[in-house]
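Enquirer: File name target.txt; file contents compact mmCIF, C-alpha atoms; full text below.
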```
# COMPACT_ATOMS: atom_id res chain seq x y z
CA MET A 846 -14.08 -9.90 4.59
CA GLY A 847 -11.51 -12.61 4.02
CA ILE A 848 -9.41 -12.40 7.20
CA TYR A 849 -7.35 -15.54 7.74
CA SER A 850 -5.03 -16.79 10.47
CA TYR A 851 -1.91 -18.60 9.34
CA LYS A 852 0.22 -20.69 11.74
CA GLU A 853 -1.40 -18.98 14.73
CA LYS A 854 -0.73 -15.49 13.33
CA THR A 855 -3.92 -13.48 13.01
CA PRO A 856 -4.21 -10.13 11.23
CA GLU A 857 -4.78 -7.08 13.42
CA ILE A 858 -6.90 -4.41 11.79
CA GLY A 859 -7.06 -0.97 13.40
CA ALA A 860 -10.15 0.97 14.33
CA SER A 861 -12.12 2.66 11.56
CA CYS A 862 -10.42 0.73 8.73
CA PHE A 863 -12.33 -0.15 5.61
CA VAL A 864 -11.60 -3.61 4.23
CA ALA A 865 -13.65 -4.60 1.18
CA GLU A 866 -15.52 -7.86 1.56
CA ASP A 867 -13.55 -9.60 -1.21
CA ALA A 868 -10.13 -8.46 0.03
CA ARG A 869 -7.95 -11.14 1.62
CA ILE A 870 -5.71 -10.43 4.61
CA ILE A 871 -3.65 -13.37 5.79
CA GLY A 872 -1.30 -14.10 8.68
CA ASP A 873 1.14 -11.74 10.38
CA VAL A 874 -0.39 -8.45 9.22
CA LYS A 875 -1.06 -5.28 11.22
CA ILE A 876 -3.00 -2.40 9.69
CA GLY A 877 -3.19 0.99 11.43
CA ARG A 878 -6.38 2.90 12.10
CA GLY A 879 -8.20 4.63 9.29
CA SER A 880 -6.49 2.69 6.50
CA SER A 881 -8.36 1.08 3.61
CA VAL A 882 -7.89 -2.13 1.64
CA TRP A 883 -10.08 -2.06 -1.44
CA TRP A 884 -11.81 -4.56 -3.71
CA GLY A 885 -9.85 -7.60 -4.81
CA CYS A 886 -6.67 -6.93 -2.81
CA THR A 887 -4.48 -9.56 -1.18
CA VAL A 888 -2.23 -8.78 1.81
CA ARG A 889 -0.37 -12.02 2.57
CA GLY A 890 1.89 -12.13 5.63
CA ASP A 891 2.59 -15.84 5.67
CA VAL A 892 6.38 -16.20 5.50
CA HIS A 893 7.28 -12.81 7.03
CA HIS A 894 5.34 -9.90 8.53
CA ILE A 895 3.51 -6.97 6.96
CA ARG A 896 2.95 -3.67 8.75
CA ILE A 897 0.74 -0.96 7.29
CA GLY A 898 0.42 2.42 8.99
CA GLU A 899 -2.51 4.74 9.54
CA ASN A 900 -4.65 6.35 6.81
CA THR A 901 -2.92 4.37 4.07
CA ASN A 902 -4.93 3.27 1.05
CA ILE A 903 -4.34 0.07 -0.86
CA GLN A 904 -6.46 0.35 -3.95
CA ASP A 905 -8.34 -2.26 -5.97
CA MET A 906 -6.58 -5.46 -7.09
CA SER A 907 -3.28 -4.69 -5.33
CA LEU A 908 -1.03 -7.41 -3.93
CA ILE A 909 1.24 -7.06 -0.91
CA HIS A 910 3.58 -9.90 -0.01
CA VAL A 911 6.98 -10.52 1.62
CA THR A 912 10.25 -12.35 0.98
CA GLY A 913 10.40 -15.37 3.27
CA GLY A 914 13.03 -15.06 5.97
CA LYS A 915 14.56 -12.00 4.35
CA PHE A 916 12.32 -8.96 3.73
CA PRO A 917 9.08 -8.01 5.49
CA THR A 918 6.88 -5.37 3.93
CA ILE A 919 6.55 -2.14 5.88
CA ILE A 920 4.22 0.60 4.62
CA GLY A 921 4.02 3.87 6.56
CA ASN A 922 1.23 6.33 7.27
CA ASN A 923 -0.69 8.23 4.58
CA CYS A 924 0.69 6.15 1.71
CA THR A 925 -1.15 5.60 -1.56
CA LEU A 926 -0.89 2.39 -3.56
CA GLY A 927 -2.82 2.78 -6.80
CA HIS A 928 -4.91 0.11 -8.48
CA ARG A 929 -3.11 -3.18 -9.34
CA VAL A 930 0.08 -2.30 -7.46
CA THR A 931 2.43 -5.10 -6.34
CA ILE A 932 4.64 -4.58 -3.29
CA HIS A 933 6.99 -7.46 -2.44
CA GLY A 934 9.33 -7.29 0.56
CA ALA A 935 9.79 -3.50 0.52
CA PHE A 936 9.75 -0.47 2.83
CA LEU A 937 7.56 2.54 2.05
CA HIS A 938 7.95 5.54 4.34
CA ASP A 939 5.08 7.88 5.27
CA PHE A 940 3.52 9.65 2.25
CA ALA A 941 5.08 7.29 -0.31
CA PHE A 942 3.12 7.18 -3.58
CA VAL A 943 3.00 4.19 -5.94
CA GLY A 944 1.09 4.74 -9.19
CA ILE A 945 -1.38 2.42 -10.90
CA GLY A 946 0.07 -0.90 -12.04
CA ALA A 947 3.54 -0.28 -10.59
CA THR A 948 5.69 -2.98 -8.97
CA VAL A 949 8.10 -2.57 -6.04
CA LEU A 950 10.38 -5.57 -5.46
CA ASP A 951 12.51 -7.08 -2.70
CA GLY A 952 14.62 -4.78 -0.57
CA CYS A 953 13.38 -1.57 -2.18
CA GLU A 954 12.73 1.61 -0.24
CA ILE A 955 10.58 4.64 -1.05
CA GLU A 956 11.27 7.63 1.18
CA PRO A 957 8.64 10.24 2.18
CA TYR A 958 7.02 11.83 -0.87
CA GLY A 959 8.91 9.45 -3.11
CA PHE A 960 6.83 8.88 -6.24
CA LEU A 961 6.86 5.76 -8.43
CA ALA A 962 4.98 6.52 -11.65
CA ALA A 963 2.20 4.31 -13.02
CA GLY A 964 3.33 1.13 -14.73
CA SER A 965 6.90 1.37 -13.43
CA LEU A 966 9.10 -1.43 -12.09
CA LEU A 967 11.37 -0.70 -9.13
CA THR A 968 13.93 -3.50 -9.31
CA PRO A 969 15.35 -5.24 -6.19
CA GLY A 970 17.31 -3.09 -3.77
CA LYS A 971 16.56 0.30 -5.39
CA LYS A 972 15.72 3.39 -3.37
CA ILE A 973 13.59 6.38 -4.30
CA PRO A 974 14.84 9.40 -2.34
CA SER A 975 12.39 11.78 -0.71
CA GLY A 976 10.67 14.08 -3.18
CA MET A 977 11.89 12.29 -6.31
CA MET A 978 9.87 10.77 -9.15
CA PHE A 979 11.03 7.49 -10.67
CA MET A 980 9.57 6.15 -13.89
CA GLY A 981 10.02 3.29 -16.35
CA SER A 982 10.89 -0.37 -16.41
CA PRO A 983 13.33 -0.53 -14.83
CA ALA A 984 12.45 2.68 -12.99
CA LYS A 985 14.97 5.52 -13.04
CA ALA A 986 15.01 8.98 -11.49
CA VAL A 987 13.35 11.50 -13.83
CA ARG A 988 12.98 14.64 -11.68
CA GLU A 989 11.97 16.14 -8.37
CA ILE A 990 8.24 16.16 -7.74
CA SER A 991 6.45 19.48 -8.02
CA GLU A 992 4.68 21.24 -5.17
CA ALA A 993 1.38 20.34 -6.88
CA GLU A 994 2.37 16.65 -6.88
CA ARG A 995 3.37 16.83 -3.21
CA GLU A 996 -0.06 18.32 -2.42
CA MET A 997 -1.74 15.63 -4.56
CA ILE A 998 -0.03 12.90 -2.52
CA THR A 999 -1.34 14.40 0.72
CA ARG A 1000 -4.79 15.06 -0.76
CA THR A 1001 -5.12 11.52 -2.14
CA ALA A 1002 -4.41 9.99 1.27
CA GLU A 1003 -7.00 12.30 2.85
CA LYS A 1004 -9.55 11.57 0.08
CA TYR A 1005 -9.21 7.80 0.43
CA HIS A 1006 -9.40 8.01 4.22
CA LYS A 1007 -12.71 9.88 3.88
CA LEU A 1008 -13.98 7.48 1.19
CA GLY A 1009 -13.13 4.48 3.37
CA GLN A 1010 -15.08 6.04 6.23
CA GLU A 1011 -18.09 6.51 3.94
CA TYR A 1012 -17.94 2.87 2.86
CA SER A 1013 -17.59 1.72 6.48
CA GLY A 1014 -20.51 3.94 7.47
CA GLY A 1015 -22.95 2.22 5.16
CA GLN A 1016 -22.74 4.44 2.07
CA VAL A 1017 -22.32 1.32 -0.06
CA GLN A 1018 -24.98 -1.36 0.08
CA ARG A 1019 -24.81 -4.82 -1.39
CA LEU A 1020 -27.84 -5.35 -3.62
CA ARG A 1021 -27.48 -9.09 -4.28
```
Take the structure I supplied and represent it as structure tokens, if you would.

Expert:
Amino acid sequence: MGIYSYKEKTPEIGASCFVAEDARIIGDVKIGRGSSVWWGCTVRGDVHHIRIGENTNIQDMSLIHVTGGKFPTIIGNNCTLGHRVTIHGAFLHDFAFVGIGATVLDGCEIEPYGFLAAGSLLTPGKKIPSGMMFMGSPAKAVREISEAEREMITRTAEKYHKLGQEYSGGQVQRLR
């Protein structure tokens, strides 16, 4: 794992987290128990702090950063950040969902069960209300999420928690 102190700030990683060996976690970062940070991710808390809750999954190639002196990044419990997501100085409540390749910029907020669709761009200062889907670039409200989507958000967090536990428990083995 690439865990780095920066200016005497050392990441704190909770019990039973999975952090892929090529992920990089830097500086003032706290990650709650049971969360997972997958292959190729960077979580860089150098010029402000990053807080990630419990059972949250940050999927492959995602980037989490902050806005120096202005916006930390706060990510709640049971959140899903799909592959190649960028979060920059934003606040994601519990059960927020950010689809593959989406970007969330400075001062944004995603309330519980807020859903940002794949490939979307949430521009600075925007807010996704609880239970709403936003889509596009720039992202705009398109509709309320369905009950099936709400269940998928919960199920995805549970699935990635279990998968992270399998990886931590030796189910993946480096061959070379």

Enquirer: Per residue of stretch 939-977 of chain A within 12 Å of stretch 892-899 of chain A, which atom pair is closest and at what distance in Å (one decimal), using all atoms listed in the file, listed by chain and increasing number, as a tab-separated table?

Expert:
```
residue	atom	partner	partner_atom	distance
A:Asp939	CA	A:Gly898	CA	8.1
A:Phe940	CA	A:Gly898	CA	10.4
A:Ala941	CA	A:Gly898	CA	11.5
```

Enquirer: I'd like a table as JSON lines: residues in stretch 895-1007 of chain A with an atom no more than 7 Å from stretch 879-883 of chain A, each row giving the shortest atom pair and its distance in Å to one decimal, only C-alpha atoms counted, sorted by chain and rising residue number.

Expert:
```
{"residue": "A:Glu899", "atom": "CA", "partner": "A:Ser880", "partner_atom": "CA", "distance": 5.4}
{"residue": "A:Asn900", "atom": "CA", "partner": "A:Ser880", "partner_atom": "CA", "distance": 4.1}
{"residue": "A:Thr901", "atom": "CA", "partner": "A:Ser880", "partner_atom": "CA", "distance": 4.6}
{"residue": "A:Asn902", "atom": "CA", "partner": "A:Ser881", "partner_atom": "CA", "distance": 4.8}
{"residue": "A:Ile903", "atom": "CA", "partner": "A:Val882", "partner_atom": "CA", "distance": 4.9}
{"residue": "A:Gln904", "atom": "CA", "partner": "A:Trp883", "partner_atom": "CA", "distance": 5.0}
{"residue": "A:Asp905", "atom": "CA", "partner": "A:Trp883", "partner_atom": "CA", "distance": 4.9}
{"residue": "A:His1006", "atom": "CA", "partner": "A:Gly879", "partner_atom": "CA", "distance": 6.2}
```

Enquirer: Of the residues A:Gly1014, A:Pro983, A:Gly944, A:Gly952, which is the one nearest to A:Pro969, using all atoms listed in the file?

Expert: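 So, comparing all the options, the nearest one is A:Gly952.
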
Enquirer: Do you have the atom CA of A:Gly859-atom CA of A:Lys1004 distance handy?

Expert: 18.5 Å

Enquirer: Write out as a list in words the residues lying within 10 Å of A:Ile919, counting only C-alpha atoms and excluding same-chain residues fewer than 5 positions away.

Expert: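 My list of contacting residues is Val874, Lys875, His894, Ile895, Arg896, Ile897, Gly898, Ile909, Val911, Ile932, His933, Gly934, Ala935, Phe936, Leu937, His938 and Glu954 of chain A.
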
Enquirer: For a quick check of understanding, using all atoms listed in the file, which of A:Ala986, A:Met980, A:Ala1002, A:Ile920 has the smallest distance to A:Ala947?

Expert: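 Going through A:Ala986, A:Met980, A:Ala1002, A:Ile920 one by one, the smallest distance to A:Ala947 is for A:Met980.
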
Enquirer: Have a look at A:Ala860, A:Pro974, A:Met906, A:Gly913 and name the one nearest to A:Val930; count only C-alpha atoms.

Expert: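 Counting only C-alpha atoms, the residue closest to A:Val930 is A:Met906.
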
Enquirer: Would you mind telling me which residue in A:Gly946, A:Asp951, A:Arg995, A:Ala868 lies nearest to A:Gly914 when using all atoms listed in the file?

Expert: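 Checking each candidate against A:Gly914, we get A:Asp951 as the closest.
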